[in-house]
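Everything below concerns the one structure shown next.
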Amino acid sequence: SEEVRVPESKKEVHLSRPSTSTSVSASPSAPVATSSSSSRQQSTPPSSSTCEQTPIMSATASTSAAASASAASTVAVKGLGELPARISFPAEEEKTLAHWEETDAFQESLRRHADLPPFRFFDGPPFATGQPHYGHILAGTIKDVVCRYAHMTGHSVERRFGWDTHGLPIEFEINKLHGIKTRDEVDGPDGIGIPAYNKLCRSIVMKYSEEWRKVIGRMGRWIDFDNDYKTMDVKYMESVWWVFKQLWEKDLVYRGFKVMPYSSACSTPLSLFEAKSNYMNRVDPAVVVAFPTLDDENVCLLAWTTTPWTLPSHLTLAVHPELVYTKIRDLETKRVYLLGASRLQLLYKTPEEGVTHEVLEPALTGAQLEGIRYHPPFDFFLHMRESVGAFRVILASYVTADAGTCIVHQAPAFGEDDYDACLAAGIVIPGGELPCPLDNDCCFTAQVDPWKGLLVFDANPGIVKALKQSGRLVRRENLSHPYPYCWRSDTPLVYRAVSSWFVRMSDEEKTRLEEEILPQINWCPEHVSKRFLELVRGAPDWNVSRNRFWGTPLPIWVSDDLEEMVCVGSVDQLEKLTGVRVSDLHRETVDSLEIPSARDPTKKLHRVSEVLDCWFESGAMPYGQLHYPFENKEVFEAGFPADFIAEGIDQTRGWFNKLVVLSTALFGKPAFKNVIVNGMVLASDGKKMSKRLRNYPPPMDVVDRYGADAVRLYLITSPVVQAQDLRFKEEGVRAVVTKVFVPWFNAYRFLVQATADLRDEHQIVFSPDIALCLKGDNFMDRWLMAATQSLIQFVHTEMKAYRLYTVIPRLIAFIDQLTKWYIRFNRERLRGRDGIEQQQFALNTLYEVLFQLNVAMAPLTPFFTEYVYQHMKHALPADKQEDSVHFLPFPTVRTEFFDEEIEAMVAAMQDVITLGRTVRDRNTKPVKCPLKSVEVICNDQTTLDRVLQVKDSILQELNIRNLTTSTDLSKLSRSMVPTNEKSLGPKLRGDRHKVYEAMKTLSSEKMDEFEANGKVEILGHEILNTEAELQFFYVADEADADSQFAADSNGSITVVLNLAEDNSLLQDYTIRELVNRVQRLRKEAGVVPTDPVEVFYKLDVKKSPFVAQMLQKRLNDVVSAIKKPVFQWSEFPYGALPQAASVSAVPAQDRTEFVELAVLLASLTAGGKSLSANDRKAVQLYLNVCSAARLQAALADGKTLPVEINGKMFQLQLGVNVFNSVQERLEAEQ
């Protein structure tokens, strides 16, 4: 014989079989074959009467096993479809997309609900010049979930996609693409002109629209791209004009000269919201500058600034009237400096510098300094000393004692506080001169000739150098500080005075918003409403104009002296005023149109050059998308305010704000009733996601690996749905697949397998009947049905409040309840162990709950729920089947299934089992190891009564022999123990030992506080439940001296396990481990529970005495657990190959022993009293290489088959010398 190796994952089993050179022949009427190590060939086929001219001989045994395993990997049941053992979620999603497209599922769903009550949803428009990222996917998923739920609860939900097509993002892309750096290159004498420029902008507006359509569609979001709206459409722009005119007529629009954040790269002012949206760290020169007084040039006022480039435009110095100032003499320069008494450390930082100055006279208040005249740092605007009284000290209450020198340099064209202070002091006069020597690109003009043409930030070094040369520079250092940058170009902003058009945010309007409008909005999460309210209270007037080209033109025509103004609100009005009918409203069309003056018909009014802020356009989307009020007036009024919107937390300053401001001004109501605000999605390192840094995986790559459902569920189950930030980690998406989708799929696959058992064993085709769910008395069936109704009720309640962050965890937790509790507890019952009736009760319960769960999850995971539904629906009558799960109504509560008592009973059971598992884990006692007893202690007898009702289930699940209960809390003691040294160490430092000792003797009241609040103060340190935990101890009686107790508690229930072992328990443990090893082999072999399997074992009695003794005494217990026959290795069919085999290590008392195990699909076996040992081997070899099915057919009905093997004839006959299994052979031989 030769050795044949059967590899296993870690070990190899060596099995002996005869050499394959044995010759085998048959009679003229039987197949004749020879077999060798390299080939097997067939001679004369059998007669048609024997096996229909088909050879009995099969392929090799290993090939047969592979075929069997392959067959076992797919389960097919009439009514439930065919399920593989595993699926590729991304691949199945692609098939679902194809199904939706083929059936036009989205549009069909809209058609079906066209006459139902509307659910109004507004979708904020993104720019199509950028590609969709995780932030868009997150917000889109939230919108999709809510809209799908609204649809499934009986509403018509129009979902139109929108595009923001105007503004800086588009212009900035064109400027980069064509190398346009200044405004003059567009509308200057030699520029390309506005018509050509806007044509370029129009050409890229929809650059990535197909990518958006592809990504949004792949993510499973149903939204109408074909019926979209674009802010550049003339109808949309006309509605925007109408909105603006309503504000104009309400006297809310005015032209003002204000200091605004200004983008040098984009040559336009920005709103304060935009300026605050993009801060970066920047290093600037921080300088202390001397301002010699006119009366005594050796006495200098000192001012500190981080913007040296503003010093050429300096007009005055400001001090606080009540702050204290002092004069000091610098012992090195011999000059006298005047600065705030609290800010000497700015010049003289450390004592190590020695005595460097002396105080000359008593302190002065700021009021005493008012009016002091001095020399400015530069003479560019020296003439303003005479014209407006510049270059003197003024008073300003905004000056603080904790920054700079308490003396503030004022350049009113470059600071809002500066402007207001100078205006109050009469140095700035409305309509008068205001030094602002910058062009549209923030470069110095000829007024500041030394730095003409330089960007202000680039001029800083030259200005500081000039200060040093003139003796004005007292101190210089570099300061790193957060600074606002342009959100589009990432260039530093310049605050400068510009002429703009504003929408007035009066105190009356803010009060109206706070008291009347905002209370009508449901914010989710609620805390965002407070943030929004603070923004409303502090909101400045809204700068709605931009000095740009590609946007909705400001519909204002003015006279040259600005005394006459006309605001146009429609295309018809424009035609009436100008005599020209236009089909487009962009600048290239309307800029040339003139309106005759009402004062002097010989003169004309010209349109102002600005365009509207694109945020104004997006805030007008409720009106623009419907061309309101010119069309769809009834549609708009029936659906306004919107029922729901959703975007990121950054939109509290942006879109949310603009929607509310405009709707309040227009209609005195909010634009939306409910809003979900999500946080920001960051890279895994907490930084902003960056294509340049490549610090995040591309969204579609993750989708291709794990599926869109997994990405959706990962995002909306994270804290980001509660307006917190999320650090995106791909492993989190992977975890969703393994922890949610795989168990969910396996639960449904188990249902299919169980119905297959019913069909195969009892010839009953499963057909769901919900009535059977009410007839059974199994407490787990009743619990699952009741829990399902509680879940549905909870989902409806929370979804009405838009609290996704409570709904989704509950739904996912229910999947856990279904798989880890119901199916786990009812696995054998579902397979028919307790009879057909109980099996059908359980199967119907599982089908019903899986079906309801699947429909409830459809808004969250549209792909997988579609996959499951397409299988499950075939078990339903034809008239109950739909083309898509998304055509079904959302489940409603069925009160007949409610059972609060059964839910409470199972909850108590789960608490006990969970605590018991925790105790086992903590004490390294796996559930496989049987224990003597468990005691459940609780001061509520009702809870204990419930525990006793499910006693058997608890004992079985925890693998414990006995359970008792008690209300005697005196048996317990508690102690706090530290669990997070990494956190506690740095926090406690030198007090660590004292705090740890105090934990040991912590009072009962303190421990109650810790348990209730998750934190407690010990010796002045706050200890969190993430840093310490309460451990529970059982106070044993003297009679329990031989026992070993361990306990855990959840605050109301305490579970005490007796961990002591004995020989009987160890045998139970060994049996359980042995069964586990066999089950692994069965899984490895690919067999299913209904396959006829036989198990064989072999061991060395001397090396494994405990296991040998256990098998000798308790083999029947092993057989009962495995539910398959078990034999010694000597009974293994000679020369056969097992489907799987391994050397298994099993626990035995205080050591590990080994046993060889093999799993074999029951097959034809040679034996019987008529065969000698050698003949049995020869016949068995023949049987090993024959097709069992064909041979069984040949031997049916007591037929015999003559076969010649090694020159000897045998008359093979079932039940005589050939048997269907080893078990059958042994029974015949007894």
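The way I read the labels, and the way they are meant: chains A, B, ... in the order of the structure tokens, residue 1 as the first residue of every chain, and ligand 1 as the first ligand shown, with later ones counted on from there.
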Item to check | Test item, strand (DSSP E or B) assignment across range 469-558 of chain A, answer as a PyMOL selection string | outcome: chain A and resi 473-485+492+494-503+522-524+542-543+545-546+553+556-558
Restricting the output to N, CA, C and O atoms, write the selected residues as a compact mmCIF listing (two decimals), in the first residue's frame.
```
# COMPACT_ATOMS: atom_id res chain seq x y z
N LEU A 473 10.70 101.25 13.43
CA LEU A 473 10.49 99.86 13.83
C LEU A 473 11.10 99.61 15.21
O LEU A 473 12.32 99.70 15.39
N VAL A 474 10.26 99.32 16.19
CA VAL A 474 10.72 99.08 17.56
C VAL A 474 10.98 97.60 17.80
O VAL A 474 11.98 97.22 18.42
N ARG A 475 10.11 96.77 17.31
CA ARG A 475 10.28 95.32 17.49
C ARG A 475 9.61 94.59 16.33
O ARG A 475 8.58 95.02 15.82
N ARG A 476 10.22 93.46 15.92
CA ARG A 476 9.65 92.65 14.85
C ARG A 476 9.79 91.18 15.21
O ARG A 476 10.83 90.74 15.71
N GLU A 477 8.73 90.43 14.96
CA GLU A 477 8.76 88.97 15.10
C GLU A 477 7.73 88.37 14.14
O GLU A 477 6.91 89.09 13.57
N ASN A 478 7.81 87.07 13.95
CA ASN A 478 6.83 86.39 13.10
C ASN A 478 5.75 85.77 13.96
O ASN A 478 6.03 85.19 15.01
N LEU A 479 4.52 85.88 13.50
CA LEU A 479 3.38 85.37 14.25
C LEU A 479 2.61 84.38 13.39
O LEU A 479 2.18 84.69 12.28
N SER A 480 2.44 83.15 13.91
CA SER A 480 1.62 82.15 13.24
C SER A 480 0.22 82.22 13.85
O SER A 480 0.05 82.08 15.06
N HIS A 481 -0.77 82.42 13.01
CA HIS A 481 -2.14 82.60 13.51
C HIS A 481 -3.15 82.17 12.46
O HIS A 481 -2.86 82.14 11.26
N PRO A 482 -4.37 81.78 12.88
CA PRO A 482 -5.42 81.43 11.92
C PRO A 482 -5.83 82.68 11.14
O PRO A 482 -5.97 83.77 11.72
N TYR A 483 -6.03 82.49 9.84
CA TYR A 483 -6.37 83.63 8.99
C TYR A 483 -7.39 83.17 7.95
O TYR A 483 -7.29 82.06 7.42
N PRO A 484 -8.38 84.02 7.63
CA PRO A 484 -9.39 83.62 6.64
C PRO A 484 -8.83 83.61 5.22
O PRO A 484 -8.14 84.55 4.81
N TYR A 485 -9.15 82.55 4.51
CA TYR A 485 -8.75 82.40 3.12
C TYR A 485 -9.98 82.29 2.23
O TYR A 485 -11.05 81.88 2.68
N PRO A 492 -5.20 84.23 0.75
CA PRO A 492 -5.61 85.02 1.92
C PRO A 492 -6.51 86.18 1.53
O PRO A 492 -6.30 86.83 0.51
N VAL A 494 -8.40 89.85 1.91
CA VAL A 494 -8.06 91.22 2.30
C VAL A 494 -9.35 91.90 2.75
O VAL A 494 -10.34 91.89 2.01
N TYR A 495 -9.35 92.45 3.94
CA TYR A 495 -10.51 93.21 4.38
C TYR A 495 -10.34 94.64 3.89
O TYR A 495 -9.38 95.33 4.26
N ARG A 496 -11.28 95.06 3.03
CA ARG A 496 -11.16 96.39 2.43
C ARG A 496 -12.55 96.99 2.22
O ARG A 496 -13.54 96.26 2.12
N ALA A 497 -12.61 98.30 2.18
CA ALA A 497 -13.87 98.99 1.98
C ALA A 497 -14.26 98.91 0.51
O ALA A 497 -13.46 99.23 -0.38
N VAL A 498 -15.47 98.45 0.26
CA VAL A 498 -15.97 98.34 -1.10
C VAL A 498 -17.42 98.80 -1.13
O VAL A 498 -18.13 98.78 -0.12
N SER A 499 -17.85 99.18 -2.30
CA SER A 499 -19.24 99.54 -2.52
C SER A 499 -19.99 98.27 -2.88
O SER A 499 -19.61 97.55 -3.80
N SER A 500 -21.05 97.94 -2.13
CA SER A 500 -21.81 96.71 -2.37
C SER A 500 -23.29 96.97 -2.14
O SER A 500 -23.69 98.01 -1.58
N TRP A 501 -24.08 96.00 -2.57
CA TRP A 501 -25.51 96.04 -2.33
C TRP A 501 -25.83 95.05 -1.21
O TRP A 501 -25.34 93.93 -1.20
N PHE A 502 -26.65 95.49 -0.28
CA PHE A 502 -26.92 94.71 0.93
C PHE A 502 -28.42 94.49 1.11
O PHE A 502 -29.24 95.32 0.71
N VAL A 503 -28.75 93.36 1.74
CA VAL A 503 -30.10 93.11 2.24
C VAL A 503 -30.07 93.37 3.73
O VAL A 503 -29.26 92.79 4.46
N ASN A 522 -38.18 72.09 13.00
CA ASN A 522 -37.66 70.98 13.78
C ASN A 522 -36.24 70.69 13.33
O ASN A 522 -36.02 70.21 12.22
N TRP A 523 -35.27 70.99 14.21
CA TRP A 523 -33.86 70.76 13.90
C TRP A 523 -33.43 69.41 14.45
O TRP A 523 -33.73 69.06 15.59
N CYS A 524 -32.75 68.68 13.65
CA CYS A 524 -32.27 67.37 14.09
C CYS A 524 -30.79 67.23 13.69
O CYS A 524 -30.49 67.23 12.49
N TRP A 542 -26.64 91.48 4.84
CA TRP A 542 -26.18 90.47 3.87
C TRP A 542 -25.69 91.14 2.60
O TRP A 542 -26.46 91.80 1.89
N ASN A 543 -24.41 90.99 2.33
CA ASN A 543 -23.84 91.50 1.08
C ASN A 543 -24.22 90.55 -0.05
O ASN A 543 -23.70 89.44 -0.15
N SER A 545 -24.15 91.28 -3.45
CA SER A 545 -23.60 91.58 -4.78
C SER A 545 -22.16 91.09 -4.90
O SER A 545 -21.43 91.00 -3.91
N ARG A 546 -21.79 90.76 -6.12
CA ARG A 546 -20.42 90.33 -6.43
C ARG A 546 -19.95 91.06 -7.69
O ARG A 546 -20.71 91.17 -8.66
N PRO A 553 -27.49 88.76 -13.09
CA PRO A 553 -27.22 90.20 -12.93
C PRO A 553 -28.15 90.83 -11.91
O PRO A 553 -29.32 90.47 -11.80
N ILE A 556 -30.94 96.00 -11.20
CA ILE A 556 -31.07 97.40 -10.79
C ILE A 556 -30.49 98.28 -11.89
O ILE A 556 -29.34 98.11 -12.30
N TRP A 557 -31.31 99.23 -12.35
CA TRP A 557 -30.86 100.24 -13.32
C TRP A 557 -30.82 101.59 -12.60
O TRP A 557 -31.76 101.94 -11.86
N VAL A 558 -29.72 102.34 -12.78
CA VAL A 558 -29.53 103.58 -12.03
C VAL A 558 -29.11 104.71 -12.96
O VAL A 558 -28.57 104.48 -14.06
```
Trp783 in chain A: which residues within 10 Å, counting only C-alpha atoms, same-chain residues fewer than 3 positions away excluded, as a PDB file with all heavy atoms, in the first residue's frame?
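Saved file part_24.pdb follows:
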```
ATOM      1  N   ASN A 778     -44.801  28.892  21.235  1.00  0.00           N
ATOM      2  CA  ASN A 778     -43.374  29.018  21.538  1.00  0.00           C
ATOM      3  C   ASN A 778     -43.062  30.453  21.945  1.00  0.00           C
ATOM      4  O   ASN A 778     -43.381  31.406  21.215  1.00  0.00           O
ATOM      5  CB  ASN A 778     -42.551  28.609  20.317  1.00  0.00           C
ATOM      6  CG  ASN A 778     -41.068  28.704  20.576  1.00  0.00           C
ATOM      7  OD1 ASN A 778     -40.470  29.769  20.424  1.00  0.00           O
ATOM      8  ND2 ASN A 778     -40.463  27.597  20.979  1.00  0.00           N
ATOM      9  N   PHE A 779     -42.443  30.615  23.091  1.00  0.00           N
ATOM     10  CA  PHE A 779     -42.236  31.972  23.612  1.00  0.00           C
ATOM     11  C   PHE A 779     -41.292  32.787  22.733  1.00  0.00           C
ATOM     12  O   PHE A 779     -41.417  34.005  22.630  1.00  0.00           O
ATOM     13  CB  PHE A 779     -41.746  31.930  25.064  1.00  0.00           C
ATOM     14  CG  PHE A 779     -40.274  31.666  25.230  1.00  0.00           C
ATOM     15  CD1 PHE A 779     -39.374  32.726  25.315  1.00  0.00           C
ATOM     16  CD2 PHE A 779     -39.778  30.363  25.303  1.00  0.00           C
ATOM     17  CE1 PHE A 779     -38.016  32.494  25.493  1.00  0.00           C
ATOM     18  CE2 PHE A 779     -38.431  30.130  25.473  1.00  0.00           C
ATOM     19  CZ  PHE A 779     -37.529  31.190  25.562  1.00  0.00           C
ATOM     20  N   MET A 780     -40.344  32.139  22.060  1.00  0.00           N
ATOM     21  CA  MET A 780     -39.437  32.891  21.195  1.00  0.00           C
ATOM     22  C   MET A 780     -40.145  33.374  19.936  1.00  0.00           C
ATOM     23  O   MET A 780     -39.856  34.463  19.424  1.00  0.00           O
ATOM     24  CB  MET A 780     -38.226  32.033  20.831  1.00  0.00           C
ATOM     25  CG  MET A 780     -37.271  31.795  21.979  1.00  0.00           C
ATOM     26  SD  MET A 780     -36.532  33.327  22.630  1.00  0.00           S
ATOM     27  CE  MET A 780     -35.320  33.712  21.378  1.00  0.00           C
ATOM     28  N   ALA A 786     -43.655  40.095  18.651  1.00  0.00           N
ATOM     29  CA  ALA A 786     -43.912  41.283  19.465  1.00  0.00           C
ATOM     30  C   ALA A 786     -42.803  42.315  19.294  1.00  0.00           C
ATOM     31  O   ALA A 786     -43.063  43.517  19.163  1.00  0.00           O
ATOM     32  CB  ALA A 786     -44.047  40.886  20.933  1.00  0.00           C
ATOM     33  N   ALA A 787     -41.550  41.843  19.298  1.00  0.00           N
ATOM     34  CA  ALA A 787     -40.417  42.757  19.138  1.00  0.00           C
ATOM     35  C   ALA A 787     -40.448  43.434  17.781  1.00  0.00           C
ATOM     36  O   ALA A 787     -40.058  44.611  17.647  1.00  0.00           O
ATOM     37  CB  ALA A 787     -39.106  41.990  19.322  1.00  0.00           C
ATOM     38  N   THR A 788     -40.923  42.724  16.771  1.00  0.00           N
ATOM     39  CA  THR A 788     -41.034  43.315  15.437  1.00  0.00           C
ATOM     40  C   THR A 788     -42.036  44.460  15.442  1.00  0.00           C
ATOM     41  O   THR A 788     -41.791  45.521  14.852  1.00  0.00           O
ATOM     42  CB  THR A 788     -41.454  42.244  14.410  1.00  0.00           C
ATOM     43  OG1 THR A 788     -40.503  41.180  14.429  1.00  0.00           O
ATOM     44  CG2 THR A 788     -41.526  42.835  13.017  1.00  0.00           C
ATOM     45  N   GLN A 789     -43.166  44.272  16.111  1.00  0.00           N
ATOM     46  CA  GLN A 789     -44.163  45.345  16.173  1.00  0.00           C
ATOM     47  C   GLN A 789     -43.637  46.540  16.969  1.00  0.00           C
ATOM     48  O   GLN A 789     -43.872  47.696  16.597  1.00  0.00           O
ATOM     49  CB  GLN A 789     -45.462  44.824  16.801  1.00  0.00           C
ATOM     50  CG  GLN A 789     -46.054  43.621  16.094  1.00  0.00           C
ATOM     51  CD  GLN A 789     -46.080  43.763  14.583  1.00  0.00           C
ATOM     52  OE1 GLN A 789     -46.617  44.742  14.053  1.00  0.00           O
ATOM     53  NE2 GLN A 789     -45.498  42.799  13.887  1.00  0.00           N
ATOM     54  N   TYR A 822     -32.916  34.754  18.183  1.00  0.00           N
ATOM     55  CA  TYR A 822     -34.014  33.895  17.715  1.00  0.00           C
ATOM     56  C   TYR A 822     -33.505  32.671  16.947  1.00  0.00           C
ATOM     57  O   TYR A 822     -33.826  31.538  17.300  1.00  0.00           O
ATOM     58  CB  TYR A 822     -34.982  34.691  16.844  1.00  0.00           C
ATOM     59  CG  TYR A 822     -36.135  33.817  16.381  1.00  0.00           C
ATOM     60  CD1 TYR A 822     -37.183  33.512  17.240  1.00  0.00           C
ATOM     61  CD2 TYR A 822     -36.143  33.262  15.110  1.00  0.00           C
ATOM     62  CE1 TYR A 822     -38.221  32.685  16.839  1.00  0.00           C
ATOM     63  CE2 TYR A 822     -37.182  32.432  14.695  1.00  0.00           C
ATOM     64  CZ  TYR A 822     -38.219  32.146  15.563  1.00  0.00           C
ATOM     65  OH  TYR A 822     -39.237  31.315  15.174  1.00  0.00           O
ATOM     66  N   PHE A 897     -50.125  41.306  17.716  1.00  0.00           N
ATOM     67  CA  PHE A 897     -48.860  40.638  18.027  1.00  0.00           C
ATOM     68  C   PHE A 897     -48.131  41.281  19.207  1.00  0.00           C
ATOM     69  O   PHE A 897     -47.094  40.778  19.639  1.00  0.00           O
ATOM     70  CB  PHE A 897     -47.943  40.638  16.803  1.00  0.00           C
ATOM     71  CG  PHE A 897     -48.393  39.724  15.709  1.00  0.00           C
ATOM     72  CD1 PHE A 897     -48.847  40.219  14.504  1.00  0.00           C
ATOM     73  CD2 PHE A 897     -48.386  38.345  15.886  1.00  0.00           C
ATOM     74  CE1 PHE A 897     -49.274  39.387  13.486  1.00  0.00           C
ATOM     75  CE2 PHE A 897     -48.804  37.492  14.883  1.00  0.00           C
ATOM     76  CZ  PHE A 897     -49.261  38.013  13.675  1.00  0.00           C
ATOM     77  N   PHE A 898     -48.630  42.395  19.703  1.00  0.00           N
ATOM     78  CA  PHE A 898     -47.975  43.040  20.840  1.00  0.00           C
ATOM     79  C   PHE A 898     -48.043  42.138  22.070  1.00  0.00           C
ATOM     80  O   PHE A 898     -49.068  41.510  22.352  1.00  0.00           O
ATOM     81  CB  PHE A 898     -48.643  44.374  21.167  1.00  0.00           C
ATOM     82  CG  PHE A 898     -48.017  45.553  20.474  1.00  0.00           C
ATOM     83  CD1 PHE A 898     -48.787  46.410  19.699  1.00  0.00           C
ATOM     84  CD2 PHE A 898     -46.666  45.806  20.594  1.00  0.00           C
ATOM     85  CE1 PHE A 898     -48.214  47.498  19.062  1.00  0.00           C
ATOM     86  CE2 PHE A 898     -46.080  46.884  19.966  1.00  0.00           C
ATOM     87  CZ  PHE A 898     -46.867  47.731  19.191  1.00  0.00           C
ATOM     88  N   ASP A 899     -46.967  42.085  22.811  1.00  0.00           N
ATOM     89  CA  ASP A 899     -46.939  41.306  24.053  1.00  0.00           C
ATOM     90  C   ASP A 899     -45.800  41.854  24.908  1.00  0.00           C
ATOM     91  O   ASP A 899     -44.658  41.407  24.836  1.00  0.00           O
ATOM     92  CB  ASP A 899     -46.729  39.823  23.754  1.00  0.00           C
ATOM     93  CG  ASP A 899     -47.000  38.939  24.975  1.00  0.00           C
ATOM     94  OD1 ASP A 899     -46.780  39.420  26.105  1.00  0.00           O
ATOM     95  OD2 ASP A 899     -47.412  37.788  24.786  1.00  0.00           O
ATOM     96  N   GLU A 900     -46.120  42.850  25.709  1.00  0.00           N
ATOM     97  CA  GLU A 900     -45.093  43.502  26.517  1.00  0.00           C
ATOM     98  C   GLU A 900     -44.473  42.542  27.527  1.00  0.00           C
ATOM     99  O   GLU A 900     -43.284  42.633  27.828  1.00  0.00           O
ATOM    100  CB  GLU A 900     -45.689  44.720  27.233  1.00  0.00           C
ATOM    101  CG  GLU A 900     -46.089  45.850  26.279  1.00  0.00           C
ATOM    102  CD  GLU A 900     -46.612  47.056  27.021  1.00  0.00           C
ATOM    103  OE1 GLU A 900     -46.649  47.011  28.279  1.00  0.00           O
ATOM    104  OE2 GLU A 900     -46.986  48.042  26.369  1.00  0.00           O
ATOM    105  N   GLU A 901     -45.287  41.642  28.057  1.00  0.00           N
ATOM    106  CA  GLU A 901     -44.778  40.713  29.058  1.00  0.00           C
ATOM    107  C   GLU A 901     -43.745  39.772  28.450  1.00  0.00           C
ATOM    108  O   GLU A 901     -42.695  39.510  29.049  1.00  0.00           O
ATOM    109  CB  GLU A 901     -45.930  39.905  29.664  1.00  0.00           C
ATOM    110  CG  GLU A 901     -45.490  38.849  30.671  1.00  0.00           C
ATOM    111  CD  GLU A 901     -44.697  39.416  31.837  1.00  0.00           C
ATOM    112  OE1 GLU A 901     -44.938  40.591  32.213  1.00  0.00           O
ATOM    113  OE2 GLU A 901     -43.840  38.692  32.382  1.00  0.00           O
ATOM    114  N   ILE A 902     -44.025  39.270  27.272  1.00  0.00           N
ATOM    115  CA  ILE A 902     -43.078  38.347  26.646  1.00  0.00           C
ATOM    116  C   ILE A 902     -41.788  39.075  26.287  1.00  0.00           C
ATOM    117  O   ILE A 902     -40.686  38.518  26.373  1.00  0.00           O
ATOM    118  CB  ILE A 902     -43.701  37.669  25.402  1.00  0.00           C
ATOM    119  CG1 ILE A 902     -43.058  36.279  25.181  1.00  0.00           C
ATOM    120  CG2 ILE A 902     -43.532  38.483  24.154  1.00  0.00           C
ATOM    121  CD1 ILE A 902     -43.572  35.221  26.069  1.00  0.00           C
ATOM    122  N   GLU A 903     -41.901  40.344  25.884  1.00  0.00           N
ATOM    123  CA  GLU A 903     -40.699  41.127  25.576  1.00  0.00           C
ATOM    124  C   GLU A 903     -39.877  41.345  26.845  1.00  0.00           C
ATOM    125  O   GLU A 903     -38.645  41.258  26.818  1.00  0.00           O
ATOM    126  CB  GLU A 903     -41.070  42.465  24.942  1.00  0.00           C
ATOM    127  CG  GLU A 903     -41.565  42.363  23.517  1.00  0.00           C
ATOM    128  CD  GLU A 903     -41.602  43.713  22.815  1.00  0.00           C
ATOM    129  OE1 GLU A 903     -40.524  44.222  22.458  1.00  0.00           O
ATOM    130  OE2 GLU A 903     -42.707  44.258  22.648  1.00  0.00           O
ATOM    131  N   ALA A 904     -40.552  41.634  27.959  1.00  0.00           N
ATOM    132  CA  ALA A 904     -39.850  41.829  29.220  1.00  0.00           C
ATOM    133  C   ALA A 904     -39.181  40.538  29.676  1.00  0.00           C
ATOM    134  O   ALA A 904     -38.058  40.548  30.206  1.00  0.00           O
ATOM    135  CB  ALA A 904     -40.818  42.339  30.285  1.00  0.00           C
ATOM    136  N   MET A 905     -39.865  39.399  29.473  1.00  0.00           N
ATOM    137  CA  MET A 905     -39.313  38.120  29.879  1.00  0.00           C
ATOM    138  C   MET A 905     -38.043  37.802  29.089  1.00  0.00           C
ATOM    139  O   MET A 905     -37.017  37.398  29.660  1.00  0.00           O
ATOM    140  CB  MET A 905     -40.343  37.019  29.669  1.00  0.00           C
ATOM    141  CG  MET A 905     -39.890  35.634  30.125  1.00  0.00           C
ATOM    142  SD  MET A 905     -41.158  34.387  29.843  1.00  0.00           S
ATOM    143  CE  MET A 905     -41.036  34.200  28.065  1.00  0.00           C
ATOM    144  N   VAL A 906     -38.084  38.003  27.779  1.00  0.00           N
ATOM    145  CA  VAL A 906     -36.907  37.716  26.957  1.00  0.00           C
ATOM    146  C   VAL A 906     -35.797  38.728  27.244  1.00  0.00           C
ATOM    147  O   VAL A 906     -34.611  38.373  27.234  1.00  0.00           O
ATOM    148  CB  VAL A 906     -37.285  37.709  25.459  1.00  0.00           C
ATOM    149  CG1 VAL A 906     -36.036  37.585  24.600  1.00  0.00           C
ATOM    150  CG2 VAL A 906     -38.239  36.565  25.169  1.00  0.00           C
ATOM    151  N   ALA A 907     -36.169  39.969  27.539  1.00  0.00           N
ATOM    152  CA  ALA A 907     -35.150  40.954  27.898  1.00  0.00           C
ATOM    153  C   ALA A 907     -34.412  40.529  29.157  1.00  0.00           C
ATOM    154  O   ALA A 907     -33.176  40.664  29.252  1.00  0.00           O
ATOM    155  CB  ALA A 907     -35.791  42.327  28.083  1.00  0.00           C
TER     156      ALA A 907
END
```
Compile the contact shell of Glu361 in chain A as an mmCIF file with N, CA and C atoms, in the first residue's frame: residues with an atom at most 8 Å away, counting only C-alpha atoms, same-chain residues fewer than 6 positions apart removed.
```cif
data_model
loop_
_atom_site.group_PDB
_atom_site.id
_atom_site.type_symbol
_atom_site.label_atom_id
_atom_site.label_comp_id
_atom_site.auth_asym_id
_atom_site.auth_seq_id
_atom_site.Cartn_x
_atom_site.Cartn_y
_atom_site.Cartn_z
ATOM 1 N N THR A 326 1.091 104.093 30.338
ATOM 2 C CA THR A 326 2.257 104.587 31.069
ATOM 3 C C THR A 326 3.354 104.987 30.106
ATOM 4 N N LYS A 327 4.226 105.941 30.566
ATOM 5 C CA LYS A 327 5.407 106.327 29.800
ATOM 6 C C LYS A 327 6.612 105.632 30.388
ATOM 7 N N ILE A 328 7.441 105.084 29.519
ATOM 8 C CA ILE A 328 8.666 104.448 29.977
ATOM 9 C C ILE A 328 9.823 104.946 29.137
#
```
